[in-house]
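**Student:** Pasting a structure below so you can have a look.
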Amino acid sequence: MRFWLTEAALLLLLLVLALRRGGQPEKWIASTITLLFFLGAMLIVARGPAEFWAFDPLLFVIDAGIFGVELWVALRANRWWPLCATALQLIVLIGHIAKALQIRGLPEVYWGMTTLPLYLQLGVLLVGIYAHSNRVAARGPYPDWRLD
């Protein structure tokens with residue numbers, strides 16, 4: 001429980017940082033991850049923690065929602081980092097699909113494929129916020145979205 005509270009606090013701090021120092025892409029991704037993290041937390045409270053022995057359709061839907069928003073942002077943002085975040089989220093979806101297809105593997109592997117890439121995404125988001133903030137400080141405002 002203590003780890004979950006630490007995770008939640010750090011995620012909220014990252015959201016505040018994105019809202020204060022990031023552009024629209026950073027705000028979209030940070031808001032989506034935070035919202036769906038707390039939705040997942042409410043599911044855990046309601047039905048108990050995931051066991052990772054079998055495919056979890058609710059976690060799949062949550063992770064697919066994150067992927068959808070990240071892909072939308074990655075295709076439109078004037079940034080490089082959303083592509084990295086989307087690729088990491090694709091690893092999560094592949095883990096879910098492998099479990100749904102009943103490919104044999106340890107529950108720890110399913111947990112790792114569906115959890116660890118999210119932590120890496122948060123690091124990528126932090127780098128994106130830092131890069132955006134530095135670019136604005138050095139060159140001034142620039143478009144958040146591609147101008148095609």
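Residues are referred to by chain and number: the chain letter is A, B, ... according to the order shown in the structure tokens, the number counts from 1 in that chain, and ligands are numbered separately from 1 in the order shown.
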Do you know which residues are at most 9 Å from His96 in chain A counting only C-alpha atoms, after dropping those on the same chain fewer than 6 positions away, and could you put them as a list in words?
**Tutor:**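 Once the nearby chain positions are removed, what remains is Phe55, Asp56, Pro57, Leu59, Phe60, Tyr110, Met113 and Thr114 of chain A.
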**Student:** Can you write just those residues out, C-alpha atoms, as a PDB file, in the first residue's frame?
**Tutor:**
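Saved file again.pdb follows:
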ATOM      1  CA  PHE A  55      -5.509 -12.040 -19.199  1.00  0.00           C
ATOM      2  CA  ASP A  56      -7.176  -9.078 -17.520  1.00  0.00           C
ATOM      3  CA  PRO A  57      -9.611  -7.398 -19.951  1.00  0.00           C
ATOM      4  CA  LEU A  59      -6.408  -3.610 -17.543  1.00  0.00           C
ATOM      5  CA  PHE A  60      -6.208  -4.175 -21.299  1.00  0.00           C
ATOM      6  CA  TYR A 110       3.104 -10.635 -17.757  1.00  0.00           C
ATOM      7  CA  MET A 113       5.546  -6.457 -19.742  1.00  0.00           C
ATOM      8  CA  THR A 114       2.455  -4.581 -18.601  1.00  0.00           C
TER       9      THR A 114
END
**Student:** Each residue of range 63-125 of chain A with at least one atom at most 10 Å from range 131-143 of chain A should appear once, together with its nearest atom pair and the corresponding distance in Å (one decimal); atoms considered: only C-alpha atoms; ordering: chain, then increasing residue number; output as CSV.
**Tutor:**
residue,atom,partner,partner_atom,distance
A:Ala77,CA,A:Pro143,CA,8.7
A:Asn78,CA,A:Pro143,CA,6.8
A:Arg79,CA,A:His132,CA,8.6
A:Trp81,CA,A:Ala131,CA,9.4
A:Leu125,CA,A:Ala131,CA,9.7
**Student:** Rank nothing, just name the residue among A:Leu5, A:Leu58, A:Ile33, A:Leu83 nearest to Tyr119 in chain A, using only C-alpha atoms.
**Tutor:** A:Ile33
**Student:** Could you check which of A:Ile62, A:Leu71, A:Ala8, A:Leu101 is closest to Ile29 in chain A, using only C-alpha atoms?
**Tutor:** A:Leu71
**Student:** Find the residues around range 85-90 of chain A up to 8 Å (only C-alpha atoms counted), leave out those fewer than 4 positions away in its own chain, and share them as a ChimeraX atom specification.
**Tutor:** /A:63,66-67,70-71,74,81,94,117-118,120-121,124-125
**Student:** Now that the selection is made, can you save its residues with C-alpha atoms as a PDB file, in the first residue's frame?
**Tutor:**
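Final file, again21.pdb:
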ATOM      1  CA  ASP A  63      -3.801   0.323 -21.366  1.00  0.00           C
ATOM      2  CA  ILE A  66      -3.424   5.158 -22.902  1.00  0.00           C
ATOM      3  CA  PHE A  67      -2.086   3.807 -26.200  1.00  0.00           C
ATOM      4  CA  GLU A  70      -0.438   8.539 -26.971  1.00  0.00           C
ATOM      5  CA  LEU A  71      -0.736   7.504 -30.620  1.00  0.00           C
ATOM      6  CA  ALA A  74       2.466  11.183 -31.356  1.00  0.00           C
ATOM      7  CA  TRP A  81       9.211  11.919 -27.281  1.00  0.00           C
ATOM      8  CA  ILE A  94       1.675  -6.955 -26.797  1.00  0.00           C
ATOM      9  CA  PRO A 117       7.180   0.113 -19.766  1.00  0.00           C
ATOM     10  CA  LEU A 118       4.826   2.551 -18.033  1.00  0.00           C
ATOM     11  CA  LEU A 120       9.879   4.142 -18.622  1.00  0.00           C
ATOM     12  CA  GLN A 121       7.140   6.244 -20.242  1.00  0.00           C
ATOM     13  CA  VAL A 124      10.318   9.805 -21.261  1.00  0.00           C
ATOM     14  CA  LEU A 125       7.561  12.266 -20.326  1.00  0.00           C
TER      15      LEU A 125
END
**Student:** What separation in Å, quoted to one decimal, exists between CA of Gly105 in chain A and CA of Phe52 in chain A?
**Tutor:** 10.3 Å
**Student:** If I take CA of Ile129 in chain A and CA of Leu35 in chain A, how far is one from the other in Å, to one decimal?
**Tutor:**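 Separation between CA of Ile129 in chain A and CA of Leu35 in chain A: 18.4 Å.
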**Student:** Please indicate the distance in Å from CA of Leu126 in chain A to CA of Arg21 in chain A, rounded to one decimal place.
**Tutor:** 10.5 Å
**Student:** Select, from A:Leu122, A:Ala98, A:Ile44, A:Leu10, the residue with the minimum atom-to-atom distance to Thr32 in chain A, counting only C-alpha atoms.
**Tutor:**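 Distance minimum relative to Thr32 in chain A lands on A:Leu122.
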